[in-house]
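See structure below.
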Amino acid sequence: MNVAILDDYQNVALRLADWSGVRRHAEITVFNDHVADTSAVVERLRPFDAVCVMRERTPLSREILQQLPNLKLIASTGPRNASIETQTAADLGIAVTATGYDSTPTIEFTWSLILASMRCIDREAASLRVGGWQRDLGSNLRGKSLGVVGLGNIGREVARIGLAFGMKVIAWSQNLTEAKASATGATLVDKQTLFREADVVTVHLVLSGRTRGLIGAPEFALMKPNARFVNTSRGPIVDEAALIEALQARRIAGAAVDVFDVEPLPPDHPFRKLDNVLATPHIGYVTEDLYRTFYTDAAVNIATWLEANSAVS
């Protein structure tokens, strides 16, 4: 049997979990780079009976899965993975497993981005490295309005921390009720009011047909010129071109984004160059603690499957 671990960017998968149960039945190959082209993904995965995928980095579409006759197990990390065509996998007899998850890293990282953006920490640190000194004026959080788009597991905690900073929290999503908002300490408003009144807008929605492109030019046009936009959810929830245009025109003060339409972010992407953007490489969930959960559970899932299939064969 052959097992592949994909997109292990930091080369930590084998160190953070016990893979001995897998090694008893299979050879493990670790890939630290990323391939996205369909033919390249197929070529890479063709020899493998099982693959361990990190979140949604490598797409496993119908087109790809149909060209992988050896593949019988996809061990995904996290509770769900929108990049896996699960119905096709089921039709082809490919098992799909999930792992435990903890939203704490993303909650904490959201606030890292909010604080860094409001206080211009990235620009100040970059200036210091090249011999500079103070260059920007930051902003307080206390007394400001935090607009939370989506009050699910992550959004609720982000809102709670905003209250602890002394912020006024307003919230909106398509199904949010006044009772659910008030239980979190937030005030339910409509979408237009949120973007018009918030000093910081932060997005916490699951990507779906309803949320794709949910935030675009009309919303950015409503924002205050000194407001900031934060996205740690999924890139396609936001019309990326509209956000870039708003930032280039200086219609908003800045943005802090950890997720993008295309990942890894292309080398010539405007987010890499705009001085009013704090861009990070989708690391909201990337902590040693959560990776231990991901890889430990994945190793157990793969080992269990291998043992069952070895016994059958």
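All residue names refer to the structure tokens as shown: chains lettered A, B, ... in order, residues numbered from 1 in each chain, ligands numbered from 1 in order.
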
### Query
Hey, what does DSSP flag as alpha helix (DSSP H) within region 77-237 of chain A? Can you give it to me as a PyMOL selection string?
chain A and resi 86-91+104-118+121-129+153-164+178-183+191-197+217-222

### Message
Env of Asn301 (chain A): 10 Å cut, atoms = only C-alpha atoms, seq-sep filter 5 positions within chain, self excluded. Answer as number ranges by chain.
### Response
A: 21-22, 52, 73-76, 96-99, 295-296, 306

Which residues of region 26-135 of chain A have any atom within 10 Å of an atom in region 154-162 of chain A when counting only C-alpha atoms, and what is the closest pair of atoms for each, with the distance in Å to one decimal? Order the rows by chain and rising number and write it as a tab-separated table.
residue	atom	partner	partner_atom	distance
A:Asp102	CA	A:Ile154	CA	9.9
A:Ser103	CA	A:Ile154	CA	6.4
A:Thr104	CA	A:Ile154	CA	8.0
A:Pro105	CA	A:Ile154	CA	9.8
A:Thr106	CA	A:Ile154	CA	7.5
A:Ile107	CA	A:Ile154	CA	5.9
A:Glu108	CA	A:Val158	CA	8.2
A:Phe109	CA	A:Val158	CA	9.9
A:Thr110	CA	A:Val158	CA	7.5
A:Trp111	CA	A:Val158	CA	7.5

### Message
Residues near region 182-195 of chain A, anyone? I mean within 12 Å using only C-alpha atoms, not counting same-chain ones fewer than 5 positions away, as an MDAnalysis selection string.
### Response
chainID A and resid 145:164 166:177 200:203 214:225 227:229 252

### Task
Work out how far CA of Ile28 (chain A) is from CA of Glu307 (chain A), in Å to one decimal.
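Interatomic distance, CA of Glu307 (chain A) to CA of Ile28 (chain A): 15.2 Å.
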
For the contact check between region 47-130 of chain A and region 208-211 of chain A, emit one row per residue of region 47-130 of chain A within 12 Å, containing the shortest atom pair and the distance in Å rounded to one decimal, counting only C-alpha atoms, chain then rising number order, as CSV.
residue,atom,partner,partner_atom,distance
A:Asn81,CA,A:Ser208,CA,11.9
A:Ala82,CA,A:Ser208,CA,8.9
A:Ser83,CA,A:Ser208,CA,11.8

Just to be explicit: take each residue in the selection above, keep N, CA, C and O atoms, and write the result as an mmCIF file, in the first residue's frame.
data_model
loop_
_atom_site.group_PDB
_atom_site.id
_atom_site.type_symbol
_atom_site.label_atom_id
_atom_site.label_comp_id
_atom_site.auth_asym_id
_atom_site.auth_seq_id
_atom_site.Cartn_x
_atom_site.Cartn_y
_atom_site.Cartn_z
ATOM 1 N N ASN A 81 -14.608 19.348 4.211
ATOM 2 C CA ASN A 81 -13.647 19.810 3.211
ATOM 3 C C ASN A 81 -14.394 20.022 1.899
ATOM 4 O O ASN A 81 -14.730 19.072 1.199
ATOM 5 N N ALA A 82 -14.643 21.292 1.585
ATOM 6 C CA ALA A 82 -15.416 21.634 0.388
ATOM 7 C C ALA A 82 -14.672 21.314 -0.901
ATOM 8 O O ALA A 82 -15.277 21.322 -1.984
ATOM 9 N N SER A 83 -13.371 21.030 -0.820
ATOM 10 C CA SER A 83 -12.589 20.735 -2.015
ATOM 11 C C SER A 83 -12.697 19.278 -2.455
ATOM 12 O O SER A 83 -12.181 18.907 -3.503
#
